[in-house]
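Okay, structure first, notes after.
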Amino acid sequence: MKKKFIAKLVLLGDGAVGKTSLKRRITEDKFDPNQDMTIGADFARVPIEISEDYEIILQIWDIAGQTKFSNVTANYYKGAKGAILVFDVTRYETYQNLFNWLQKLDQSLNHQKIPLMIIGNKIDLVDEQVVTEELVKEYSKQLSDWLGMSVPYAFTSAKTGYNVKKSFFIMGNNMLDQLLGNF
Ligand code: G3D
Ligand code: MG
């Protein structure tokens with residue numbers, strides 16, 4: 001029998017970086033029509049097949065509306081077992097702001113460590129890319145040292161679907177590892 005886990009994954013990042021589009025893209029062909037609809041909470045359930053033995057159902061939370069990191073309440077982060085930090089590769093300030101999102105997450109979780117991932121979205125806009133891979137790679141190294149576990153990074157396009165499934169698979173895998181205590 002396959003073992004199934006359900007875990008909350010929060011999408012963090014400035015307005016218009018593509019959080020809702022990424023969520024929509026990943027739920028497109030795996031959408032659970034019976035997903036819970038709670039007022040104020042905008043989430044979808046996405047099953048990720050990890051192996052023959054394990055499946056993790058990601059309960060993906062997305063911030064509704066244009067929200068600044070300072071306005072998101074602790075409730076949004078509560079119980080999160082993973083977080084994806086999303087920025088827009090065409091807007092440098094959305095990359096810089098990841099630090100603020102992370103700080104807020106860390107505070108809200110009382111410094112409890114959970115798997116993290118960095119996503120640079122809108123990579124289809126190659127000519128407008130201002131945040132380089134070198135920069136993101138370095139940041140992911142710093143975060144990995146701080147967190148004590150690997151913080152992967154990926155460049156995605158919610159528009160074309162490029163790297164989206166792969167990214168959520170990597171995230172699901174890391175979250176399952178953490179849940180199973182495989183560190
Ligand atoms: P948010 O949920 O983080 O606020 P959205 O961001 O998912 O609402 O996306 C904001 C805008 O960016 C949308 O454009 C959306 O279509 C666009 N977008 C999201 N992902 C990508 C991507 O990968 N590539 C490109 N080129 N655009 C993307 P509009 O015009 O509807 O505001
Ligand atoms: Mg949104």
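Letters for chains follow the order of the structure tokens (A, B, ...), residue numbers begin at 1 for each chain, and ligand numbers begin at 1 in the order shown.
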Which residues are near ligand 1 - at most 7 Å, using only C-alpha atoms and all ligand atoms? Format: as a compact mmCIF listing (two decimals) with N, CA, C and O atoms, in the first residue's frame.
# COMPACT_ATOMS: atom_id res chain seq x y z
N GLY A 13 6.19 35.68 -1.78
CA GLY A 13 6.81 36.56 -2.76
C GLY A 13 5.91 37.75 -3.05
O GLY A 13 4.70 37.72 -2.80
N ASP A 14 6.53 38.77 -3.61
CA ASP A 14 5.83 40.02 -3.90
C ASP A 14 4.67 39.83 -4.87
O ASP A 14 4.57 38.80 -5.55
N GLY A 15 3.85 40.85 -4.97
CA GLY A 15 2.72 40.84 -5.89
C GLY A 15 3.21 40.73 -7.33
O GLY A 15 4.25 41.27 -7.69
N ALA A 16 2.45 39.98 -8.12
CA ALA A 16 2.68 39.87 -9.57
C ALA A 16 3.95 39.13 -9.99
O ALA A 16 4.38 39.23 -11.13
N VAL A 17 4.56 38.37 -9.06
CA VAL A 17 5.73 37.57 -9.46
C VAL A 17 5.31 36.29 -10.17
O VAL A 17 6.12 35.65 -10.86
N GLY A 18 4.03 35.89 -9.95
CA GLY A 18 3.52 34.69 -10.63
C GLY A 18 3.11 33.55 -9.71
O GLY A 18 2.99 32.41 -10.16
N LYS A 19 2.86 33.85 -8.46
CA LYS A 19 2.48 32.79 -7.50
C LYS A 19 1.20 32.08 -7.93
O LYS A 19 1.15 30.85 -7.99
N THR A 20 0.17 32.87 -8.20
CA THR A 20 -1.12 32.28 -8.58
C THR A 20 -1.00 31.53 -9.90
O THR A 20 -1.56 30.45 -10.06
N SER A 21 -0.21 32.07 -10.81
CA SER A 21 -0.02 31.41 -12.11
C SER A 21 0.72 30.08 -11.94
O SER A 21 0.39 29.10 -12.63
N LEU A 22 1.69 30.03 -11.05
CA LEU A 22 2.42 28.77 -10.80
C LEU A 22 1.48 27.74 -10.20
O LEU A 22 1.48 26.57 -10.58
N GLY A 65 -4.71 38.28 -3.53
CA GLY A 65 -4.56 39.72 -3.74
C GLY A 65 -3.11 40.18 -3.73
O GLY A 65 -2.18 39.40 -3.59
N GLN A 66 -2.92 41.44 -3.87
CA GLN A 66 -1.59 42.05 -3.88
C GLN A 66 -1.20 42.34 -2.45
O GLN A 66 -1.69 43.27 -1.84
N ASN A 121 10.75 33.18 -11.44
CA ASN A 121 9.70 32.95 -12.44
C ASN A 121 9.77 33.97 -13.58
O ASN A 121 10.47 34.96 -13.49
N LYS A 122 9.07 33.68 -14.65
CA LYS A 122 8.99 34.48 -15.89
C LYS A 122 10.28 34.36 -16.71
O LYS A 122 10.70 35.32 -17.36
N ILE A 123 10.90 33.18 -16.66
CA ILE A 123 12.15 32.97 -17.38
C ILE A 123 11.93 32.98 -18.91
O ILE A 123 12.90 33.09 -19.68
N ASP A 124 10.68 32.90 -19.34
CA ASP A 124 10.39 33.04 -20.78
C ASP A 124 10.74 34.44 -21.29
O ASP A 124 10.99 34.64 -22.47
N LEU A 125 10.77 35.42 -20.36
CA LEU A 125 11.11 36.80 -20.75
C LEU A 125 12.64 36.98 -20.72
O LEU A 125 13.17 37.85 -20.02
N THR A 156 11.65 29.17 -13.64
CA THR A 156 10.42 28.60 -14.20
C THR A 156 9.71 29.60 -15.10
O THR A 156 10.00 30.80 -15.07
N SER A 157 8.77 29.07 -15.86
CA SER A 157 7.81 29.93 -16.55
C SER A 157 6.42 29.35 -16.32
O SER A 157 6.12 28.26 -16.80
N ALA A 158 5.63 30.06 -15.56
CA ALA A 158 4.25 29.62 -15.36
C ALA A 158 3.49 29.75 -16.68
O ALA A 158 2.51 29.06 -16.92
N LYS A 159 4.00 30.62 -17.52
CA LYS A 159 3.35 30.86 -18.81
C LYS A 159 3.48 29.66 -19.74
O LYS A 159 2.50 29.19 -20.32
N THR A 160 4.71 29.15 -19.90
CA THR A 160 4.92 28.01 -20.80
C THR A 160 4.87 26.68 -20.06
O THR A 160 4.75 25.62 -20.67
- Item | Ser51 in chain A environment, 10 Å, only C-alpha atoms, sequence neighbours closer than 2 positions dropped, as JSON, numbers by chain | {"A": [2, 3, 48, 49, 53, 54, 55, 56, 173]}
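With distances restricted to only C-alpha atoms, A:Gly82 is the closest residue to Val151 in chain A from A:Gln107, A:Gly82, A:Ala7, A:Glu93.
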- Item | Nearest-residue call for Phe169 in chain A, choices A:Phe155, A:Asn75, A:Asp145, A:Val46, using only C-alpha atoms |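 Going through A:Phe155, A:Asn75, A:Asp145, A:Val46 one by one, the smallest distance to Phe169 in chain A is for A:Val46.
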- Task: Give me every strand (DSSP E or B) residue in chain A, going by DSSP on the backbone, as a ChimeraX atom specification.
- Result: /A:3-12,38,41-49,54-62,80-88,116-121,153-155
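Going from CA of Asn71 in chain A to CA of Leu105 in chain A covers 12.2 Å.
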- Nearest candidate to Val126 in chain A (options A:Val89, A:Thr94, A:Ile114, A:Gln103; using only C-alpha atoms): A:Val89
- Query: Which one of A:Asp62, A:Glu52, A:Asp88, A:Glu28 sits closest to Thr132 in chain A if you count only C-alpha atoms?
  - Reply: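 When distances to Thr132 in chain A are compared using only C-alpha atoms, the smallest one comes from A:Asp88.
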